[in-house]
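So the structure is just underneath, and the comments pick up after that.
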Amino acid sequence: MPVANQPRSDFSDQLPPLELSEPHAPKARLALVSRLCELVSWPESRIPAYERQLAADILVGLLRTSSLELRQRCAHGLARISDAPKALLRYLARDEISVAGPLLENGVGFDDSDLIATIRAGVTPHWVAIAKRRGLSEPVTDGLIQTGEVQVIEAVLRNQFAKLSMQGVDVAVARSRQAASLPKLLVARTELRPTQALVLFWWANFESRVQILRRFAVDRTALILELGDVFKMAAAEGWADADTRKALQVVERRQRNRAAAAQSPYGSLEGALAAAEHGLDRNLLHEIAHLAGVKPTTAQQIFTDVGGEAIGVLCKAVGLKRPLFLALWRALRRPYGDPDSTDNPLGRAAYVFDTLATAKAQTVVRYWNWSFTADAVELQRVSFEDDTLDLSLARRNAALLFGRNG
C-alpha cells in the first residue's frame with residue numbers, strides 16, 4: 001500500500017538511460033556518398049559519360065556536408081579520370097588543400113580554363129599545387145605569376161615542364177626586384193631573353209650576375225659584317241634618320257665617342273679619368289659618360305651600381321687598362337679591397353673586368369644604353385599584366401628598370 005504524500009513512481013524512471021555518447025550514424029548516406037565516389041572514378045570504359053555526370057551532380061550536393069576523409073577519397077579517385085565531370089572537379093579543386101592539393105598537382109581532367117578559374121578563386125597553397133603540375137601552358141603560368149606571391153613564382157620557375165610567356169617573364173623580373181630568391185631561378189630559365197636578363201642584372205647578386213654575363217654577353221661579329229654597307233649608307237645620308245642611327249649604335253664596333261674626344265678639354269677618356277683622380281663632380285662625370293659613348297642616365301646607373309660589377313663591364317667595354325679601372329673605382333670613392341679576391345666589391349668588379357671579353361662587354365653596355373630612354377619616367381605606371389601592352393624592347397626594358405611593378 002503506498003505511503004501517504006509519497007510521489008508516485010513513473011514507469012519511465014525504470015527504463016535504462018540513453019547512450020548519448022554514440023552519435024547517430026547515417027549509414028545509408030555514407031554508403032551513398034562512398035558508392036558515388038567510386039562510380040565517378042570508374043574508367044571511361046566502365047560507365048557512360050552521362051551516367052558519370054549524373055552521379056557527379058548528385059555527389060556535389062552531398063559532399064558539401066560530408067567528412068574530410070570522404071572528400072579526400074573522392075578527389076584521389078577523380079585525379080586519374082581524364083573526362084572527370086567539370087562541376088565536381090572544380091568543386092574539389094577549391095576545397096581545403098589536403099583535398100585539393102593532390103588533385104591540382106596531378107589531376108588529368110583539368111584544362112586551362114579549369115586551372116585559371118581555380119587560380120582566380122584560390123589562395124596561395126592552391127596556387128603552389130598548380131605551379132607543380134607538368135606541362136603548364138603560358139596562360140596558366142601567366143595567371144600564377146600575376147598573383148605576385150613569391151613562393152608561387154618560385155614554384156613556377158622551378159618547374160622545368162612549365163612554359164613561360166614573355167609577359168610572364170617580365171612580371172617575374174619586375175617582382176624579383178624585391179625577392180632575392182627569384183633572380184637565380186630566372187637566370188636558369190630558357191625563356192629569359194637578353195634584354196630581360198640585362199635588366200635583371202641590376203638587382204641580382206654576384207653569382208647570378210656572372211651567369212647573366214656568361215650566357216647573354218655576346219659579340220656582334222655577324223651583325224657588324226652583314227650591316228657594314230648599311231653603316232656607309234647611313235653615314236652618306238648624314239645619319240638623318242634617327243631610328244636608323246639609334247639601331248646602328250647598338251651594333252657599331254666602336255664604343256667610345258671619337259667626336260667627343262676631339263672636342264673635349266681632356267683630349268681622351270684617359271685624360272678625363274686622370275683628372276677624376278683629383279676630384280670628381282657632376283660635370284666631369286657627364287664628360288666621362290660622353291667620351292665613353294653612353295648616356296648620362298646610363299653612366300649614373302653604372303657608377304652607382306650597388307655591387308659595382310657594372311663598373312667593370314663599362315671599363316672593359318671602352319678598352320681601359322686595369323690600372324685605370326682601379327683609378328676610376330677610387331675616384332668614385334667605392335670601398336676598396338683586394339682586387340684579386342671575390343670576397344669584396346672591388347674584387348668582384350675586377351673579376352668581371354678580367355674575365356669578360358671587350359666585344360661582349362660592349363654588347364652589354366649597348367643594351368643598357370638602349371634601355372635608358374628619355375621617356376622612362378612616363379613608364380612608371382606600366383603594368384605587364386596588361387595583355388594589350390605593346391612596347392618596343394627598349395621601352396619595355398626602361399619600364400622594368402624604372403617601373404613600380406615589383
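Simple scheme: letters A, B, ... for chains in C-alpha cells order, numbers from 1 for residues in each chain, numbers from 1 for ligands in the order shown.
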Each range 199-271 of chain A residue no farther than 10 Å from range 308-315 of chain A, nearest pair in Å, only C-alpha atoms, as a Markdown table:
```
| residue | atom | partner | partner_atom | distance |
| --- | --- | --- | --- | --- |
| A:Phe201 | CA | A:Ala310 | CA | 8.8 |
| A:Trp202 | CA | A:Ala310 | CA | 8.3 |
| A:Asn205 | CA | A:Glu309 | CA | 10.0 |
| A:Phe206 | CA | A:Glu309 | CA | 8.0 |
| A:Arg209 | CA | A:Glu309 | CA | 8.2 |
| A:Val210 | CA | A:Glu309 | CA | 9.2 |
| A:Leu213 | CA | A:Val313 | CA | 9.4 |
| A:Gln255 | CA | A:Leu314 | CA | 9.6 |
```
Check: Could you write out, as an MDAnalysis selection string, all the residues of range 126-202 of chain A that DSSP marks as helix (DSSP H, G or I)?
Finding: chainID A and resid 126:131 138:145 150:158 166:178 182:187 194:202
Checklist line | Using only C-alpha atoms: which of A:Ala236, A:Val365, A:Ala292, A:Leu200 has the shortest distance to Arg258 in chain A | finding: A:Ala292
Margin query: For Arg215 in chain A, find every residue with an atom within 9 Å (counting only C-alpha atoms), except residues of its own chain fewer than 3 positions away, and show them as a PyMOL selection string.
Written below: chain A and resi 187+194+210-212+218
Mind writing the picked residues with N, CA and C atoms as an mmCIF file, in the first residue's frame?
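Saved to result.cif:
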```
data_model
loop_
_atom_site.group_PDB
_atom_site.id
_atom_site.type_symbol
_atom_site.label_atom_id
_atom_site.label_comp_id
_atom_site.auth_asym_id
_atom_site.auth_seq_id
_atom_site.Cartn_x
_atom_site.Cartn_y
_atom_site.Cartn_z
ATOM 1 N N VAL A 187 67.455 33.244 -64.080
ATOM 2 C CA VAL A 187 68.627 33.086 -64.947
ATOM 3 C C VAL A 187 68.679 31.682 -65.541
ATOM 4 N N PRO A 194 67.831 38.155 -73.621
ATOM 5 C CA PRO A 194 68.948 39.033 -73.246
ATOM 6 C C PRO A 194 68.495 40.364 -72.664
ATOM 7 N N VAL A 210 77.228 36.936 -62.781
ATOM 8 C CA VAL A 210 78.231 36.215 -63.575
ATOM 9 C C VAL A 210 77.550 35.291 -64.577
ATOM 10 N N GLN A 211 76.494 34.606 -64.135
ATOM 11 C CA GLN A 211 75.759 33.718 -65.044
ATOM 12 C C GLN A 211 75.105 34.503 -66.179
ATOM 13 N N ILE A 212 74.555 35.663 -65.850
ATOM 14 C CA ILE A 212 73.938 36.505 -66.886
ATOM 15 C C ILE A 212 74.977 36.914 -67.924
ATOM 16 N N VAL A 218 77.311 38.603 -75.558
ATOM 17 C CA VAL A 218 77.787 38.005 -76.805
ATOM 18 C C VAL A 218 78.401 39.095 -77.678
#
```
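Take CA of Ile224 in chain A and CA of Ser264 in chain A: the distance between them is 28.0 Å.
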